Amino acid sequence: MPSKAILSEKQAIVDALAERLQKAQGGVLVDYRGINVAQDTELRRDLRAENVEYTVVKNTLTRFAMDKVGLSGLDDQLNGTTSLATSDDALAPLYLLKKFSEKMGADLFNIKGVFVEGKVLTDAEAAELSDLPNKDALYSRVLGTMLAPISSLAVVLNQVVEQKGGAPAAEAPAAE
């Protein structure tokens with residue numbers, strides 16, 4: 001039987017993981033089995049740049065933490081090598097890890113499970129969400145849609161001015 005010190009240490013780890021999972025808007029469990037140190041360093045740098053927390057986790061302790069916050073639907077994925085990526089941005093970990101998984105190949109690096117805003121997603125739901133454009137691309141689309149009428153008006157007004165013989169000459173300031 002483990003000592004009380006070891007049990008309290010493990011309980012602290014479970015509590016910290018549960019708090020991390022509770023605060024996160026989105027998270028991804030990953031099987032990182034086939035990547036080397038250089039690839040892992042590259043992945044961590046990319047994730048850090050997007051404020052995604054990425055750590056290797058112990059399956060049993062993670063299972064206890066997930067059960068504690070109501071994410072027990074991911075219990076089946078907690079086997080083998082597992083890392084956890086979480087973020088305040090619900091889709092950032094999914095986008096980045098899907099891109100990395102496609103780059104590396106599913107046999108070396110694959111996504112085991114995904115949760116967004118406290119809900120465990122099926123593989124189909126996760127795939128559908130990962131195919132959506134990211135937040136910056138959506139902002140660009142909205143902004144482009146809002147600016148299109150104004151740009152069109154400017155082009156039309158410019159053509160009218162050109163047809164009328166150009167812009168009227170600016171009046172020279174009166175000499176004093």
# chains A, B, ... in the order shown; residues from 1 in each chain; ligands from 1

call {"tool": "residues_around", "arguments": {"residues": "A:Glu53", "least_positions_apart": "3", "cutoff": "8 Å", "atoms": "only C-alpha atoms", "output": "JSON, numbers by chain"}}
result
{"A": [47, 48, 84, 85, 86, 87]}

call {"tool": "write_last_selection", "arguments": {"atoms": "all heavy atoms", "output": "mmCIF file, in the first residue's frame"}}
result
data_model
loop_
_atom_site.group_PDB
_atom_site.id
_atom_site.type_symbol
_atom_site.label_atom_id
_atom_site.label_comp_id
_atom_site.auth_asym_id
_atom_site.auth_seq_id
_atom_site.Cartn_x
_atom_site.Cartn_y
_atom_site.Cartn_z
ATOM 1 N N LEU A 47 2.672 25.453 -29.968
ATOM 2 C CA LEU A 47 1.559 25.488 -29.011
ATOM 3 C C LEU A 47 1.724 26.640 -28.021
ATOM 4 O O LEU A 47 0.767 27.347 -27.706
ATOM 5 C CB LEU A 47 1.452 24.160 -28.265
ATOM 6 C CG LEU A 47 1.007 22.963 -29.109
ATOM 7 C CD1 LEU A 47 1.171 21.672 -28.326
ATOM 8 C CD2 LEU A 47 -0.415 23.127 -29.583
ATOM 9 N N ARG A 48 2.944 26.848 -27.546
ATOM 10 C CA ARG A 48 3.205 27.930 -26.603
ATOM 11 C C ARG A 48 2.899 29.290 -27.226
ATOM 12 O O ARG A 48 2.374 30.185 -26.568
ATOM 13 C CB ARG A 48 4.664 27.870 -26.150
ATOM 14 C CG ARG A 48 4.938 28.583 -24.861
ATOM 15 C CD ARG A 48 6.372 28.382 -24.342
ATOM 16 N NE ARG A 48 6.797 26.994 -24.324
ATOM 17 C CZ ARG A 48 7.757 26.489 -25.110
ATOM 18 N NH1 ARG A 48 8.407 27.248 -25.953
ATOM 19 N NH2 ARG A 48 8.079 25.215 -25.034
ATOM 20 N N LEU A 84 -1.675 15.967 -23.000
ATOM 21 C CA LEU A 84 -2.886 16.769 -22.920
ATOM 22 C C LEU A 84 -2.567 18.200 -23.310
ATOM 23 O O LEU A 84 -1.628 18.801 -22.793
ATOM 24 C CB LEU A 84 -3.443 16.728 -21.491
ATOM 25 C CG LEU A 84 -4.620 17.636 -21.154
ATOM 26 C CD1 LEU A 84 -5.871 17.214 -21.923
ATOM 27 C CD2 LEU A 84 -4.889 17.612 -19.661
ATOM 28 N N ALA A 85 -3.350 18.742 -24.226
ATOM 29 C CA ALA A 85 -3.228 20.147 -24.629
ATOM 30 C C ALA A 85 -4.528 20.845 -24.267
ATOM 31 O O ALA A 85 -5.607 20.377 -24.642
ATOM 32 C CB ALA A 85 -2.969 20.256 -26.122
ATOM 33 N N THR A 86 -4.437 21.941 -23.522
ATOM 34 C CA THR A 86 -5.624 22.699 -23.132
ATOM 35 C C THR A 86 -5.392 24.183 -23.392
ATOM 36 O O THR A 86 -4.255 24.640 -23.431
ATOM 37 C CB THR A 86 -5.950 22.504 -21.634
ATOM 38 O OG1 THR A 86 -4.818 22.877 -20.852
ATOM 39 C CG2 THR A 86 -6.346 21.077 -21.336
ATOM 40 N N SER A 87 -6.513 24.904 -23.543
ATOM 41 C CA SER A 87 -6.398 26.332 -23.821
ATOM 42 C C SER A 87 -7.687 27.054 -23.461
ATOM 43 O O SER A 87 -8.751 26.447 -23.363
ATOM 44 C CB SER A 87 -6.101 26.532 -25.308
ATOM 45 O OG SER A 87 -6.070 27.888 -25.635
#

call {"tool": "select_by_dssp", "arguments": {"residues": "chain A", "states": "strand (DSSP E)", "output": "JSON, numbers by chain"}}
result
{"A": [26, 27, 28, 29, 30, 31, 53, 54, 55, 56, 83, 84, 85, 86, 87, 110, 111, 112, 113, 114, 115, 116, 119, 120, 121]}

call {"tool": "atom_distance", "arguments": {"atom1": "atom CA of A:Gly73", "atom2": "atom CA of A:Ala18"}}
result
14.8 Å

call {"tool": "select_by_dssp", "arguments": {"residues": "stretch 2-176 of chain A", "states": "alpha helix (DSSP H)", "output": "MDAnalysis selection string"}}
result
chainID A and resid 4:23 37:49 59:69 92:104 123:131 135:163

call {"tool": "residues_around", "arguments": {"residues": "A:Thr82", "least_positions_apart": "5", "cutoff": "8 Å", "atoms": "only C-alpha atoms", "output": "PyMOL selection string"}}
result
chain A and resi 29-32+56-59

call {"tool": "write_last_selection", "arguments": {"atoms": "C-alpha atoms", "output": "CSV table (one decimal), in the first residue's frame"}}
result
chain,number,residue,atom,x,y,z
A,29,LEU,CA,-5.7,14.1,-25.8
A,30,VAL,CA,-2.9,12.9,-28.0
A,31,ASP,CA,-0.9,9.8,-28.6
A,32,TYR,CA,2.6,11.1,-29.2
A,56,VAL,CA,2.6,14.6,-20.9
A,57,VAL,CA,0.1,13.1,-18.4
A,58,LYS,CA,-0.3,9.9,-16.5
A,59,ASN,CA,-3.4,8.0,-17.6

call {"tool": "closest_residue", "arguments": {"among": "A:Gln77, A:Ser130, A:Asn36, A:Ser151", "to": "A:Glu102", "atoms": "only C-alpha atoms"}}
result
A:Ser130

call {"tool": "decode", "arguments": {"residues": "stretch 107-120 of chain A", "atoms": "all heavy atoms", "output": "mmCIF file, in the first residue's frame"}}
result
data_model
loop_
_atom_site.group_PDB
_atom_site.id
_atom_site.type_symbol
_atom_site.label_atom_id
_atom_site.label_comp_id
_atom_site.auth_asym_id
_atom_site.auth_seq_id
_atom_site.Cartn_x
_atom_site.Cartn_y
_atom_site.Cartn_z
ATOM 1 N N ASP A 107 0.130 7.409 -37.825
ATOM 2 C CA ASP A 107 0.808 6.303 -37.158
ATOM 3 C C ASP A 107 1.848 6.791 -36.150
ATOM 4 O O ASP A 107 2.202 6.078 -35.218
ATOM 5 C CB ASP A 107 1.456 5.381 -38.190
ATOM 6 C CG ASP A 107 2.398 6.116 -39.127
ATOM 7 O OD1 ASP A 107 2.127 7.288 -39.446
ATOM 8 O OD2 ASP A 107 3.406 5.506 -39.542
ATOM 9 N N LEU A 108 2.325 8.020 -36.297
ATOM 10 C CA LEU A 108 3.319 8.576 -35.382
ATOM 11 C C LEU A 108 2.710 9.485 -34.322
ATOM 12 O O LEU A 108 3.217 9.584 -33.212
ATOM 13 C CB LEU A 108 4.374 9.376 -36.155
ATOM 14 C CG LEU A 108 5.231 8.613 -37.144
ATOM 15 C CD1 LEU A 108 6.188 9.550 -37.850
ATOM 16 C CD2 LEU A 108 5.986 7.499 -36.449
ATOM 17 N N PHE A 109 1.647 10.175 -34.668
ATOM 18 C CA PHE A 109 1.076 11.189 -33.778
ATOM 19 C C PHE A 109 -0.404 11.293 -34.084
ATOM 20 O O PHE A 109 -0.771 11.741 -35.161
ATOM 21 C CB PHE A 109 1.782 12.536 -34.046
ATOM 22 C CG PHE A 109 1.405 13.638 -33.109
ATOM 23 C CD1 PHE A 109 2.108 13.835 -31.937
ATOM 24 C CD2 PHE A 109 0.363 14.483 -33.407
ATOM 25 C CE1 PHE A 109 1.778 14.857 -31.074
ATOM 26 C CE2 PHE A 109 0.024 15.515 -32.554
ATOM 27 C CZ PHE A 109 0.738 15.700 -31.387
ATOM 28 N N ASN A 110 -1.241 10.855 -33.173
ATOM 29 C CA ASN A 110 -2.673 10.952 -33.487
ATOM 30 C C ASN A 110 -3.479 11.489 -32.309
ATOM 31 O O ASN A 110 -3.085 11.391 -31.162
ATOM 32 C CB ASN A 110 -3.229 9.617 -33.982
ATOM 33 C CG ASN A 110 -3.244 8.550 -32.927
ATOM 34 O OD1 ASN A 110 -2.970 8.800 -31.779
ATOM 35 N ND2 ASN A 110 -3.549 7.340 -33.317
ATOM 36 N N ILE A 111 -4.596 12.062 -32.663
ATOM 37 C CA ILE A 111 -5.499 12.649 -31.673
ATOM 38 C C ILE A 111 -6.404 11.542 -31.141
ATOM 39 O O ILE A 111 -7.058 10.843 -31.902
ATOM 40 C CB ILE A 111 -6.318 13.786 -32.317
ATOM 41 C CG1 ILE A 111 -5.376 14.925 -32.701
ATOM 42 C CG2 ILE A 111 -7.405 14.263 -31.372
ATOM 43 C CD1 ILE A 111 -6.027 16.043 -33.478
ATOM 44 N N LYS A 112 -6.413 11.411 -29.810
ATOM 45 C CA LYS A 112 -7.220 10.372 -29.164
ATOM 46 C C LYS A 112 -8.633 10.858 -28.844
ATOM 47 O O LYS A 112 -9.603 10.128 -29.015
ATOM 48 C CB LYS A 112 -6.580 9.938 -27.848
ATOM 49 C CG LYS A 112 -5.288 9.207 -27.957
ATOM 50 C CD LYS A 112 -4.836 8.876 -26.545
ATOM 51 C CE LYS A 112 -3.653 7.983 -26.499
ATOM 52 N NZ LYS A 112 -3.344 7.596 -25.115
ATOM 53 N N GLY A 113 -8.737 12.073 -28.331
ATOM 54 C CA GLY A 113 -10.030 12.582 -27.917
ATOM 55 C C GLY A 113 -10.013 14.091 -27.782
ATOM 56 O O GLY A 113 -8.954 14.697 -27.601
ATOM 57 N N VAL A 114 -11.208 14.674 -27.874
ATOM 58 C CA VAL A 114 -11.344 16.131 -27.851
ATOM 59 C C VAL A 114 -12.518 16.513 -26.949
ATOM 60 O O VAL A 114 -13.552 15.858 -26.959
ATOM 61 C CB VAL A 114 -11.600 16.678 -29.282
ATOM 62 C CG1 VAL A 114 -11.783 18.181 -29.271
ATOM 63 C CG2 VAL A 114 -10.493 16.258 -30.235
ATOM 64 N N PHE A 115 -12.335 17.591 -26.184
ATOM 65 C CA PHE A 115 -13.462 18.167 -25.456
ATOM 66 C C PHE A 115 -13.464 19.666 -25.687
ATOM 67 O O PHE A 115 -12.427 20.304 -25.822
ATOM 68 C CB PHE A 115 -13.427 17.831 -23.961
ATOM 69 C CG PHE A 115 -12.297 18.450 -23.203
ATOM 70 C CD1 PHE A 115 -12.448 19.677 -22.583
ATOM 71 C CD2 PHE A 115 -11.082 17.799 -23.080
ATOM 72 C CE1 PHE A 115 -11.413 20.250 -21.870
ATOM 73 C CE2 PHE A 115 -10.040 18.363 -22.378
ATOM 74 C CZ PHE A 115 -10.192 19.595 -21.763
ATOM 75 N N VAL A 116 -14.667 20.219 -25.795
ATOM 76 C CA VAL A 116 -14.848 21.655 -25.996
ATOM 77 C C VAL A 116 -15.943 22.118 -25.047
ATOM 78 O O VAL A 116 -17.051 21.568 -25.054
ATOM 79 C CB VAL A 116 -15.230 21.975 -27.460
ATOM 80 C CG1 VAL A 116 -15.572 23.439 -27.621
ATOM 81 C CG2 VAL A 116 -14.110 21.575 -28.406
ATOM 82 N N GLU A 117 -15.618 23.107 -24.239
ATOM 83 C CA GLU A 117 -16.554 23.699 -23.283
ATOM 84 C C GLU A 117 -17.271 22.643 -22.439
ATOM 85 O O GLU A 117 -18.492 22.670 -22.276
ATOM 86 C CB GLU A 117 -17.536 24.611 -24.013
ATOM 87 C CG GLU A 117 -16.866 25.791 -24.672
ATOM 88 C CD GLU A 117 -17.803 26.676 -25.458
ATOM 89 O OE1 GLU A 117 -18.980 26.299 -25.641
ATOM 90 O OE2 GLU A 117 -17.350 27.751 -25.884
ATOM 91 N N GLY A 118 -16.511 21.695 -21.930
ATOM 92 C CA GLY A 118 -17.046 20.685 -21.035
ATOM 93 C C GLY A 118 -17.776 19.539 -21.696
ATOM 94 O O GLY A 118 -18.301 18.673 -21.014
ATOM 95 N N LYS A 119 -17.800 19.489 -23.017
ATOM 96 C CA LYS A 119 -18.498 18.421 -23.734
ATOM 97 C C LYS A 119 -17.478 17.589 -24.506
ATOM 98 O O LYS A 119 -16.649 18.123 -25.234
ATOM 99 C CB LYS A 119 -19.510 19.014 -24.715
ATOM 100 C CG LYS A 119 -20.266 17.978 -25.513
ATOM 101 C CD LYS A 119 -21.215 18.636 -26.509
ATOM 102 C CE LYS A 119 -22.033 17.625 -27.244
ATOM 103 N NZ LYS A 119 -21.433 17.098 -28.425
ATOM 104 N N VAL A 120 -17.561 16.276 -24.333
ATOM 105 C CA VAL A 120 -16.683 15.368 -25.073
ATOM 106 C C VAL A 120 -17.237 15.226 -26.483
ATOM 107 O O VAL A 120 -18.429 14.962 -26.673
ATOM 108 C CB VAL A 120 -16.613 13.987 -24.380
ATOM 109 C CG1 VAL A 120 -15.786 13.020 -25.201
ATOM 110 C CG2 VAL A 120 -16.051 14.133 -22.972
#
